[in-house]
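Pasting entry-v2.csv here (CSV, C-alpha atoms):
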```csv
chain,number,residue,atom,x,y,z
M,1,MET,CA,-16.4,-24.2,49.1
M,2,ILE,CA,-13.8,-25.7,51.5
M,3,SER,CA,-13.3,-29.4,50.9
M,4,LYS,CA,-13.5,-31.9,53.7
M,5,TRP,CA,-9.7,-32.4,53.9
M,6,ARG,CA,-9.0,-28.7,54.0
M,7,TRP,CA,-11.7,-28.3,56.7
M,8,LEU,CA,-10.2,-31.1,58.8
M,9,LEU,CA,-6.8,-29.6,58.4
M,10,LEU,CA,-8.2,-26.2,59.6
M,11,GLN,CA,-9.7,-27.9,62.6
M,12,PHE,CA,-6.5,-29.7,63.4
M,13,SER,CA,-4.5,-26.5,63.2
M,14,ARG,CA,-6.8,-24.9,65.8
M,15,LYS,CA,-5.8,-27.3,68.5
M,16,LEU,CA,-3.6,-26.0,71.2
M,17,TRP,CA,-1.2,-28.9,71.3
M,18,VAL,CA,-0.4,-28.6,67.6
M,19,ARG,CA,0.9,-25.0,67.8
M,20,VAL,CA,2.7,-25.7,71.1
M,21,SER,CA,4.4,-28.8,69.5
M,22,LEU,CA,5.5,-26.8,66.5
M,23,PHE,CA,7.0,-24.1,68.7
M,24,ALA,CA,8.7,-26.7,70.9
M,25,ALA,CA,10.1,-28.5,67.9
M,26,LEU,CA,11.5,-25.2,66.5
M,27,ALA,CA,13.1,-24.4,69.8
M,28,ILE,CA,14.8,-27.8,70.1
M,29,ALA,CA,16.0,-27.5,66.5
M,30,THR,CA,17.4,-24.0,67.2
M,31,ALA,CA,19.4,-25.3,70.2
M,32,LEU,CA,20.8,-28.2,68.2
M,33,VAL,CA,21.6,-26.1,65.1
M,34,ALA,CA,24.1,-24.1,67.2
M,35,ILE,CA,26.3,-27.2,67.3
M,36,LEU,CA,26.4,-27.4,63.5
M,37,ILE,CA,27.2,-23.8,62.7
M,38,SER,CA,29.8,-23.3,65.4
M,39,ARG,CA,32.6,-23.9,62.9
M,40,LEU,CA,31.6,-20.6,61.2
M,41,ILE,CA,32.4,-18.5,64.3
M,42,PRO,CA,35.9,-16.8,64.6
M,43,GLY,CA,38.1,-18.2,67.4
M,44,GLY,CA,38.4,-15.0,69.4
M,45,LEU,CA,34.7,-14.1,69.4
M,46,PRO,CA,33.5,-16.2,72.4
M,47,GLY,CA,35.7,-14.3,74.9
M,48,LYS,CA,34.8,-10.9,73.5
M,49,ILE,CA,31.0,-11.3,73.9
M,50,GLY,CA,31.1,-13.2,77.2
M,51,ALA,CA,29.7,-16.5,75.9
M,52,ASN,CA,30.6,-18.2,79.2
M,53,ALA,CA,27.5,-16.5,80.8
M,54,VAL,CA,25.1,-18.6,78.7
M,55,ASP,CA,24.9,-21.2,81.4
M,56,GLY,CA,23.3,-18.9,83.9
M,57,ILE,CA,21.0,-17.3,81.3
M,58,LEU,CA,19.7,-20.7,80.3
M,59,ASP,CA,19.1,-21.6,83.9
M,60,ILE,CA,17.1,-18.4,84.5
M,61,LEU,CA,15.1,-18.9,81.3
M,62,ALA,CA,14.2,-22.5,82.1
M,63,SER,CA,13.0,-21.8,85.6
M,64,SER,CA,11.1,-18.6,84.7
M,65,MET,CA,9.4,-20.0,81.6
M,66,LEU,CA,8.2,-23.0,83.6
M,67,ALA,CA,6.6,-20.7,86.1
M,68,VAL,CA,5.1,-18.4,83.5
M,69,THR,CA,3.6,-21.4,81.6
M,70,THR,CA,2.1,-22.9,84.7
M,71,PHE,CA,0.6,-19.5,85.6
M,72,SER,CA,-0.7,-19.0,82.1
M,73,LEU,CA,-2.4,-22.3,82.0
M,74,GLY,CA,-4.1,-21.5,85.3
M,75,VAL,CA,-5.3,-18.1,83.9
M,76,MET,CA,-6.7,-19.9,80.8
M,77,VAL,CA,-8.7,-22.4,82.8
M,78,SER,CA,-10.1,-19.5,84.9
M,79,ALA,CA,-11.0,-17.6,81.7
M,80,TYR,CA,-12.8,-20.7,80.2
M,81,SER,CA,-14.7,-21.1,83.5
M,82,ALA,CA,-15.7,-17.4,83.5
M,83,ALA,CA,-16.9,-17.6,79.9
M,84,THR,CA,-18.9,-20.8,80.7
M,85,SER,CA,-20.7,-19.3,83.7
M,86,ASN,CA,-21.1,-15.7,82.5
M,87,VAL,CA,-21.5,-16.0,78.7
M,88,THR,CA,-22.3,-19.5,77.4
M,89,PRO,CA,-20.5,-22.9,77.3
M,90,ARG,CA,-20.8,-22.9,73.5
M,91,ALA,CA,-18.4,-19.9,73.3
M,92,THR,CA,-15.7,-21.7,75.1
M,93,ARG,CA,-14.6,-23.5,72.0
M,94,LEU,CA,-13.8,-20.2,70.3
M,95,LEU,CA,-11.6,-19.2,73.3
M,96,MET,CA,-9.8,-22.6,73.1
M,97,GLN,CA,-9.1,-21.9,69.4
M,98,ASP,CA,-7.6,-18.5,70.0
M,99,THR,CA,-4.5,-18.4,67.9
M,100,ALA,CA,-2.9,-15.5,70.0
M,101,THR,CA,-3.2,-17.6,73.2
M,102,GLN,CA,-1.8,-20.7,71.5
M,103,ASN,CA,1.1,-18.8,70.0
M,104,MET,CA,2.1,-17.2,73.3
M,105,LEU,CA,1.9,-20.5,75.2
M,106,GLY,CA,3.8,-22.1,72.4
M,107,THR,CA,6.5,-19.5,72.8
M,108,PHE,CA,6.8,-20.0,76.6
M,109,ILE,CA,6.9,-23.8,76.3
M,110,GLY,CA,9.3,-23.6,73.4
M,111,THR,CA,11.6,-21.3,75.3
M,112,PHE,CA,11.6,-23.7,78.3
M,113,LEU,CA,12.5,-26.7,76.1
M,114,TYR,CA,15.1,-24.6,74.2
M,115,SER,CA,16.7,-23.8,77.6
M,116,LEU,CA,16.5,-27.3,78.8
M,117,VAL,CA,18.1,-28.8,75.6
M,118,GLY,CA,20.8,-26.1,75.8
M,119,ILE,CA,21.6,-27.0,79.4
M,120,ILE,CA,21.8,-30.7,78.6
M,121,ALA,CA,24.0,-30.1,75.6
M,122,LEU,CA,26.3,-27.9,77.6
M,123,SER,CA,26.5,-30.4,80.4
M,124,ALA,CA,27.4,-33.1,77.9
M,125,GLY,CA,30.1,-31.0,76.3
M,126,ALA,CA,28.4,-30.9,72.9
M,127,TYR,CA,29.3,-27.2,72.5
M,128,GLY,CA,32.8,-26.0,72.1
M,129,GLU,CA,33.8,-22.4,72.6
M,130,GLU,CA,32.5,-21.4,69.2
M,131,GLY,CA,29.3,-23.3,69.9
M,132,ARG,CA,28.8,-21.5,73.2
M,133,ALA,CA,29.1,-18.2,71.3
M,134,VAL,CA,26.4,-19.2,68.8
M,135,LEU,CA,24.2,-20.4,71.7
M,136,PHE,CA,24.7,-17.1,73.5
M,137,LEU,CA,23.7,-15.0,70.5
M,138,VAL,CA,20.6,-17.2,69.8
M,139,THR,CA,19.7,-16.9,73.5
M,140,LEU,CA,19.8,-13.1,73.3
M,141,GLY,CA,17.4,-13.3,70.4
M,142,VAL,CA,15.1,-15.7,72.3
M,143,ILE,CA,15.1,-13.2,75.3
M,144,VAL,CA,13.9,-10.4,73.0
M,145,VAL,CA,11.1,-12.6,71.6
M,146,VAL,CA,10.1,-13.7,75.1
M,147,VAL,CA,10.0,-10.1,76.4
M,148,GLY,CA,7.8,-9.0,73.5
M,149,THR,CA,5.5,-12.0,74.0
M,150,LEU,CA,5.1,-11.3,77.7
M,151,LEU,CA,4.1,-7.7,77.0
M,152,ARG,CA,1.5,-8.9,74.5
M,153,TRP,CA,0.4,-11.6,76.9
M,154,ILE,CA,-0.3,-9.1,79.7
M,155,GLU,CA,-2.5,-7.1,77.4
M,156,HIS,CA,-4.2,-10.2,76.1
M,157,LEU,CA,-5.0,-11.5,79.7
M,158,SER,CA,-6.8,-8.3,80.5
M,159,LYS,CA,-9.5,-9.2,77.9
M,160,LEU,CA,-9.4,-13.0,77.9
M,161,GLY,CA,-12.7,-14.5,79.1
M,162,ARG,CA,-14.5,-11.2,79.6
M,163,VAL,CA,-18.1,-11.0,78.4
M,164,GLY,CA,-17.5,-8.3,75.9
M,165,GLU,CA,-14.5,-10.0,74.3
M,166,THR,CA,-16.1,-13.4,74.2
M,167,THR,CA,-19.3,-11.9,72.6
M,168,ASP,CA,-17.2,-10.2,70.0
M,169,ARG,CA,-15.6,-13.5,69.1
M,170,VAL,CA,-18.9,-15.2,68.7
M,171,GLU,CA,-20.2,-12.3,66.6
M,172,GLU,CA,-17.1,-12.5,64.3
M,173,ALA,CA,-17.6,-16.3,63.9
M,174,ALA,CA,-21.3,-15.9,63.2
M,175,LEU,CA,-20.7,-13.0,60.8
M,176,ALA,CA,-18.1,-15.1,58.8
M,177,ALA,CA,-20.6,-18.0,58.5
M,178,VAL,CA,-23.4,-15.7,57.4
M,179,GLU,CA,-21.2,-14.0,54.8
M,180,ALA,CA,-20.1,-17.4,53.5
M,181,ARG,CA,-23.7,-18.5,53.2
M,182,LEU,CA,-24.7,-15.3,51.4
M,183,LYS,CA,-22.0,-16.0,48.8
M,184,GLN,CA,-23.3,-19.5,48.3
M,185,PRO,CA,-26.9,-19.6,49.6
M,186,ASN,CA,-27.4,-23.2,48.7
M,187,LEU,CA,-23.8,-24.3,49.5
M,188,GLY,CA,-23.1,-24.4,45.7
M,189,GLY,CA,-26.1,-26.6,44.9
M,190,ARG,CA,-29.7,-25.9,43.7
M,191,LEU,CA,-32.4,-25.0,46.1
M,192,LEU,CA,-34.5,-27.9,47.3
M,193,LYS,CA,-37.8,-26.2,48.2
M,194,ASP,CA,-39.9,-29.3,49.3
M,195,LEU,CA,-38.0,-32.5,50.2
M,196,ALA,CA,-41.1,-34.7,50.1
M,197,ASP,CA,-42.3,-33.5,46.7
M,198,ALA,CA,-38.9,-33.1,45.0
M,199,VAL,CA,-37.3,-36.5,45.9
M,200,PRO,CA,-38.5,-39.3,43.6
M,201,ALA,CA,-39.8,-42.5,45.0
M,202,THR,CA,-36.9,-44.4,43.4
M,203,ALA,CA,-34.3,-42.4,45.4
M,204,THR,CA,-32.3,-44.3,48.1
M,205,PRO,CA,-32.0,-42.6,51.5
M,206,ILE,CA,-28.4,-42.4,52.8
M,207,TYR,CA,-28.3,-42.7,56.6
M,208,PRO,CA,-25.4,-41.6,58.8
M,209,ALA,CA,-23.0,-44.0,60.5
M,210,LYS,CA,-23.2,-42.1,63.9
M,211,ILE,CA,-25.4,-39.9,65.9
M,212,GLY,CA,-24.5,-36.2,66.1
M,213,TYR,CA,-24.6,-32.8,64.4
M,214,VAL,CA,-23.6,-32.2,60.8
M,215,GLN,CA,-20.6,-29.9,61.1
M,216,HIS,CA,-19.4,-29.7,57.4
M,217,VAL,CA,-20.7,-30.9,54.0
M,218,ASP,CA,-18.2,-31.4,51.2
M,219,LEU,CA,-20.3,-30.2,48.3
M,220,GLN,CA,-17.4,-30.6,45.9
M,221,ALA,CA,-17.1,-34.3,46.6
M,222,LEU,CA,-20.9,-34.7,46.3
M,223,SER,CA,-20.8,-32.8,43.0
M,224,ASP,CA,-18.1,-35.1,41.6
M,225,LEU,CA,-20.2,-38.1,42.7
M,226,THR,CA,-23.2,-37.0,40.7
M,227,LYS,CA,-21.3,-36.9,37.5
M,228,ALA,CA,-21.7,-39.7,35.0
M,229,LYS,CA,-19.4,-42.7,35.5
M,230,LYS,CA,-18.0,-44.9,32.8
M,231,ASP,CA,-18.8,-48.5,32.6
M,232,SER,CA,-15.6,-50.5,32.6
M,233,ASP,CA,-17.0,-53.2,30.3
M,234,SER,CA,-18.6,-51.0,27.6
M,235,ASP,CA,-16.8,-47.7,28.1
M,236,GLU,CA,-20.2,-46.0,28.1
M,237,LYS,CA,-21.3,-43.6,30.7
M,238,SER,CA,-23.9,-44.9,33.2
M,239,GLY,CA,-25.8,-41.6,33.4
M,240,THR,CA,-26.0,-38.7,35.7
M,241,ARG,CA,-27.0,-39.4,39.3
M,242,GLN,CA,-29.4,-37.1,41.2
M,243,LEU,CA,-28.4,-36.3,44.8
M,244,TYR,CA,-30.7,-34.5,47.2
M,245,VAL,CA,-29.1,-33.2,50.4
M,246,ALA,CA,-31.4,-33.5,53.3
M,247,ALA,CA,-29.2,-32.4,56.2
M,248,LEU,CA,-27.5,-29.0,56.2
M,249,PRO,CA,-24.7,-28.1,58.6
M,250,GLY,CA,-26.2,-27.9,62.1
M,251,THR,CA,-28.8,-30.6,61.5
M,252,PHE,CA,-29.0,-33.3,64.2
M,253,VAL,CA,-28.9,-36.7,62.5
M,254,TYR,CA,-29.4,-40.3,63.7
M,255,PRO,CA,-29.7,-43.7,62.1
M,256,THR,CA,-33.2,-43.1,60.8
M,257,LYS,CA,-32.6,-39.5,59.8
M,258,PRO,CA,-31.3,-39.4,56.2
M,259,LEU,CA,-28.3,-37.3,55.2
M,260,ALA,CA,-29.2,-37.3,51.6
M,261,TYR,CA,-31.2,-39.2,48.9
M,262,LEU,CA,-29.4,-40.7,45.9
M,263,ASP,CA,-31.3,-41.5,42.7
M,264,LEU,CA,-29.2,-43.8,40.5
M,265,PRO,CA,-29.9,-44.3,36.8
M,266,SER,CA,-31.7,-47.5,36.1
M,267,LYS,CA,-29.3,-48.6,33.3
M,268,GLY,CA,-27.4,-51.9,34.0
M,269,ALA,CA,-27.9,-55.2,35.8
M,270,ALA,CA,-29.4,-55.2,39.2
M,271,ASP,CA,-26.2,-56.5,40.9
M,272,ASP,CA,-24.2,-53.7,39.3
M,273,VAL,CA,-26.7,-51.1,40.4
M,274,ASP,CA,-26.7,-52.4,44.0
M,275,GLN,CA,-22.9,-52.4,44.1
M,276,ASP,CA,-22.7,-48.9,42.7
M,277,ALA,CA,-25.3,-47.8,45.3
M,278,ASP,CA,-23.3,-49.2,48.2
M,279,GLU,CA,-20.1,-47.6,47.0
M,280,ASP,CA,-21.7,-44.2,46.4
M,281,ALA,CA,-23.5,-44.4,49.8
M,282,GLU,CA,-20.2,-44.8,51.6
M,283,LYS,CA,-18.7,-41.9,49.7
M,284,ILE,CA,-21.7,-39.7,50.6
M,285,ARG,CA,-21.3,-40.5,54.3
M,286,LYS,CA,-17.7,-39.5,54.1
M,287,ALA,CA,-18.7,-36.1,52.6
M,288,PHE,CA,-20.7,-35.3,55.7
M,289,SER,CA,-18.7,-34.6,58.9
M,290,VAL,CA,-20.8,-35.5,61.9
M,291,ASP,CA,-19.7,-34.9,65.5
M,292,ASP,CA,-21.2,-34.4,69.0
M,293,GLU,CA,-21.1,-30.6,68.8
M,294,ARG,CA,-22.1,-28.0,66.2
M,295,SER,CA,-19.5,-25.9,64.4
M,296,PHE,CA,-19.5,-22.2,63.5
M,297,ASP,CA,-17.8,-22.6,60.1
M,298,GLN,CA,-20.7,-23.7,57.8
M,299,ASP,CA,-23.6,-23.1,60.3
M,300,PRO,CA,-24.7,-19.5,60.5
M,301,ARG,CA,-27.8,-20.5,62.6
M,302,PHE,CA,-25.4,-21.8,65.3
M,303,GLY,CA,-23.7,-18.4,65.6
M,304,LEU,CA,-27.0,-16.6,65.9
M,305,SER,CA,-28.2,-19.2,68.4
M,306,VAL,CA,-25.2,-18.7,70.6
M,307,LEU,CA,-25.6,-14.9,70.5
M,308,SER,CA,-29.2,-15.3,71.6
M,309,GLU,CA,-28.1,-17.6,74.4
M,310,ILE,CA,-25.7,-14.8,75.6
M,311,ALA,CA,-28.6,-12.3,75.5
M,312,SER,CA,-30.9,-14.6,77.3
M,313,ARG,CA,-28.4,-15.3,80.1
M,314,ALA,CA,-27.7,-11.5,80.4
M,315,LEU,CA,-31.4,-10.9,81.0
M,316,SER,CA,-31.7,-13.5,83.7
M,317,PRO,CA,-32.3,-12.3,87.3
M,318,ALA,CA,-29.0,-13.9,88.4
M,319,LEU,CA,-26.9,-11.7,86.1
M,320,ASN,CA,-29.3,-8.8,85.4
M,321,ASP,CA,-27.2,-7.3,82.6
M,322,PRO,CA,-29.5,-5.7,80.0
M,323,GLY,CA,-26.7,-3.8,78.4
M,324,THR,CA,-25.0,-7.0,77.2
M,325,ALA,CA,-28.4,-8.3,75.9
```
What does this structure look like when you write it as structure tokens?
Amino acid sequence: MISKWRWLLLQFSRKLWVRVSLFAALAIATALVAILISRLIPGGLPGKIGANAVDGILDILASSMLAVTTFSLGVMVSAYSAATSNVTPRATRLLMQDTATQNMLGTFIGTFLYSLVGIIALSAGAYGEEGRAVLFLVTLGVIVVVVGTLLRWIEHLSKLGRVGETTDRVEEAALAAVEARLKQPNLGGRLLKDLADAVPATATPIYPAKIGYVQHVDLQALSDLTKAKKDSDSDEKSGTRQLYVAALPGTFVYPTKPLAYLDLPSKGAADDVDQDADEDAEKIRKAFSVDDERSFDQDPRFGLSVLSEIASRALSPALNDPGTA
């Protein structure tokens, strides 16, 4: 089971600006490293390889990559609009998290910034003759990467936002969630057949701090919370807590809809029990990730629901596409 921090890191890595920023930082660092390793270049090499041409090459790269990036962003927006109108708005998030698109855009923006930094450094006289040679060789490598990325981008654009491609992405996300749930049918816990009969009257309901859908439940954190805790005064364990999860991923929760029920052991003074209950309730809330939209990761019902939405829209008189359904 993925912990909350690993899950949050996974969500963070899926954002477009994260990958673009990493590519841009790498490109800037590459342009600046050429200054540091220029002393390793033999003195006669710059004239032999035509390093003086690097100025014109960087100018071409900077202008062309800016145009390619602007064009690519326009195509992306059009693909998202097509997916929203022809497939379902719930599938747009998968397109926005497409790593291939993010890597290609990151390459284009990174190349543009690399060229820009190189032009600025050349204009400031930061490169000597040897530095220009290093920059020239690195630029040749960047051109090879850009050409390969452009060829893959053309192929990728032919499928981006199309009904079949988007449906396949939804199917893959739904299948991954179903397989994960089959491996851990109860998310690592024991099955709670009847909430009303199983939860004791002494259990305390834990309510969410915000309204939204449960996206992820950190079962490892909840499991650690139920273990016996030592009393700091007597060095004795206070007993095992019983925790009843009432909201699985995909559940819509609100201030009167409990996330879970916590049954604390009755041992100890009333003030100590109340303090433990408040601390544990806050930890339980943090184990539940609640947001405005549902997530595919731990919610197999959401993937199946989105697939049914695609089929329903395909059968509408406006689209009339029974093959997709």
- Task: Please check which residues have atoms at most 10 Å from (-26.0, -31.4, 49.7) in the file's coordinates, counting all atoms listed in the file, and write them as a list in words.
- Result: Asn186, Leu187, Gly188, Gly189, Arg190, Leu191, Leu192, Val217, Asp218, Leu219, Gln220, Ala221, Leu222, Ser223, Leu243, Tyr244, Val245, Ala246, Ala247, Leu248, Pro249, Leu259, Ala260, Tyr261, Ile284, Ala287 and Phe288 of chain M
- Task: Using only C-alpha atoms, determine which residues lie at most 7 Å from Ala177 of chain M, disregarding the query and same-chain residues fewer than 4 positions distant; provide the list as a list in words.
- Result: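 Everything that qualifies: Ala173, Arg181, Phe296, Asp297, Gln298, Asp299 and Pro300 of chain M.
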Excluding Ser13 of chain M and its own-chain neighbours fewer than 6 positions away, which residues fall within 10 Å of it when counting only C-alpha atoms? Please give them as a tab-separated table (two decimals) with C-alpha atoms, keeping the file's coordinate frame.
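The resulting file, out31.tsv, is shown below:
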```
chain	number	residue	atom	x	y	z
M	7	TRP	CA	-11.70	-28.30	56.70
M	19	ARG	CA	0.90	-25.00	67.80
M	97	GLN	CA	-9.10	-21.90	69.40
M	99	THR	CA	-4.50	-18.40	67.90
```
- Using all atoms listed in the file, pick whichever of M:Asn52, M:Thr251, M:Ser158, M:Thr204 has the shortest atom-to-atom distance to Glu130 of chain M. M:Asn52
- Message: Let me make sure I understand: among M:Val253, M:Leu264, M:Ala277, M:Ala27, which one has the smallest atom-to-atom distance to Val290 of chain M if we use only C-alpha atoms?
- Response: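 Closest to Val290 of chain M of all the choices is M:Val253.
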- Query: From the list M:Ile206, M:Ile35, M:Leu315, M:Leu66, which residue is nearest Gly125 of chain M when using all atoms listed in the file?
  - Reply: M:Ile35
- Nearest to Arg241 of chain M: which of M:Thr202, M:Thr69, M:Thr167, M:Ser295 is it, counting all atoms listed in the file?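 The closest residue to Arg241 of chain M is M:Thr202.
Atom CA of Arg152 of chain M is found 21.5 Å from atom CA of Ser115 of chain M.
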- Interatomic distance between atom CA of Thr139 of chain M and atom CA of Ile57 of chain M? 7.9 Å
- Top pick for closest residue to Ile37 of chain M, considering M:Ala67, M:Leu94, M:Val134, M:Val75 and counting all atoms listed in the file: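 Once distances to Ile37 of chain M are computed over all atoms listed in the file, the minimum belongs to M:Val134.
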- Query: Can you tell me, as a PyMOL selection string, what residues are no more than 10 Å from segment 21-24 of chain M when counting only C-alpha atoms, ignoring any on the same chain fewer than 3 positions away?
  - Reply: chain M and resi 16-18+27-30+102-114
- Which is closer to Ala198 of chain M than all the others in M:Gly56, M:Tyr213, M:Asp263, M:Ser64, using all atoms listed in the file?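 Once distances to Ala198 of chain M are computed over all atoms listed in the file, the minimum belongs to M:Asp263.
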Within-12 Å shell of (24.3, -22.5, 75.4) in input frame, all atoms listed in the file, as a PDB file with C-alpha atoms, keeping the file's coordinate frame:
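The resulting file, selection35.pdb, is shown below:
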```pdb
ATOM      1  CA  THR M  30      17.400 -24.000  67.200  1.00  0.00           C
ATOM      2  CA  ALA M  31      19.400 -25.300  70.200  1.00  0.00           C
ATOM      3  CA  LEU M  32      20.800 -28.200  68.200  1.00  0.00           C
ATOM      4  CA  VAL M  33      21.600 -26.100  65.100  1.00  0.00           C
ATOM      5  CA  ALA M  34      24.100 -24.100  67.200  1.00  0.00           C
ATOM      6  CA  ILE M  35      26.300 -27.200  67.300  1.00  0.00           C
ATOM      7  CA  SER M  38      29.800 -23.300  65.400  1.00  0.00           C
ATOM      8  CA  PRO M  46      33.500 -16.200  72.400  1.00  0.00           C
ATOM      9  CA  GLY M  50      31.100 -13.200  77.200  1.00  0.00           C
ATOM     10  CA  ALA M  51      29.700 -16.500  75.900  1.00  0.00           C
ATOM     11  CA  ASN M  52      30.600 -18.200  79.200  1.00  0.00           C
ATOM     12  CA  ALA M  53      27.500 -16.500  80.800  1.00  0.00           C
ATOM     13  CA  VAL M  54      25.100 -18.600  78.700  1.00  0.00           C
ATOM     14  CA  ASP M  55      24.900 -21.200  81.400  1.00  0.00           C
ATOM     15  CA  GLY M  56      23.300 -18.900  83.900  1.00  0.00           C
ATOM     16  CA  ILE M  57      21.000 -17.300  81.300  1.00  0.00           C
ATOM     17  CA  LEU M  58      19.700 -20.700  80.300  1.00  0.00           C
ATOM     18  CA  ASP M  59      19.100 -21.600  83.900  1.00  0.00           C
ATOM     19  CA  LEU M  61      15.100 -18.900  81.300  1.00  0.00           C
ATOM     20  CA  TYR M 114      15.100 -24.600  74.200  1.00  0.00           C
ATOM     21  CA  SER M 115      16.700 -23.800  77.600  1.00  0.00           C
ATOM     22  CA  LEU M 116      16.500 -27.300  78.800  1.00  0.00           C
ATOM     23  CA  VAL M 117      18.100 -28.800  75.600  1.00  0.00           C
ATOM     24  CA  GLY M 118      20.800 -26.100  75.800  1.00  0.00           C
ATOM     25  CA  ILE M 119      21.600 -27.000  79.400  1.00  0.00           C
ATOM     26  CA  ILE M 120      21.800 -30.700  78.600  1.00  0.00           C
ATOM     27  CA  ALA M 121      24.000 -30.100  75.600  1.00  0.00           C
ATOM     28  CA  LEU M 122      26.300 -27.900  77.600  1.00  0.00           C
ATOM     29  CA  SER M 123      26.500 -30.400  80.400  1.00  0.00           C
ATOM     30  CA  ALA M 124      27.400 -33.100  77.900  1.00  0.00           C
ATOM     31  CA  GLY M 125      30.100 -31.000  76.300  1.00  0.00           C
ATOM     32  CA  ALA M 126      28.400 -30.900  72.900  1.00  0.00           C
ATOM     33  CA  TYR M 127      29.300 -27.200  72.500  1.00  0.00           C
ATOM     34  CA  GLY M 128      32.800 -26.000  72.100  1.00  0.00           C
ATOM     35  CA  GLU M 129      33.800 -22.400  72.600  1.00  0.00           C
ATOM     36  CA  GLU M 130      32.500 -21.400  69.200  1.00  0.00           C
ATOM     37  CA  GLY M 131      29.300 -23.300  69.900  1.00  0.00           C
ATOM     38  CA  ARG M 132      28.800 -21.500  73.200  1.00  0.00           C
ATOM     39  CA  ALA M 133      29.100 -18.200  71.300  1.00  0.00           C
ATOM     40  CA  VAL M 134      26.400 -19.200  68.800  1.00  0.00           C
ATOM     41  CA  LEU M 135      24.200 -20.400  71.700  1.00  0.00           C
ATOM     42  CA  PHE M 136      24.700 -17.100  73.500  1.00  0.00           C
ATOM     43  CA  LEU M 137      23.700 -15.000  70.500  1.00  0.00           C
ATOM     44  CA  VAL M 138      20.600 -17.200  69.800  1.00  0.00           C
ATOM     45  CA  THR M 139      19.700 -16.900  73.500  1.00  0.00           C
ATOM     46  CA  LEU M 140      19.800 -13.100  73.300  1.00  0.00           C
ATOM     47  CA  VAL M 142      15.100 -15.700  72.300  1.00  0.00           C
TER      48      VAL M 142
END
```
- atom CA of Arg14 of chain M to atom CA of Thr166 of chain M, distance in Å rounded to a single decimal: 17.0 Å
- May I have the residues within 12 Å of Glu155 of chain M as a list of chain:residue names, using only C-alpha atoms and disregarding those fewer than 4 positions away in the same chain? M:Ala100, M:Thr101, M:Met104, M:Gly148, M:Thr149, M:Leu150, M:Leu151, M:Lys159, M:Leu160
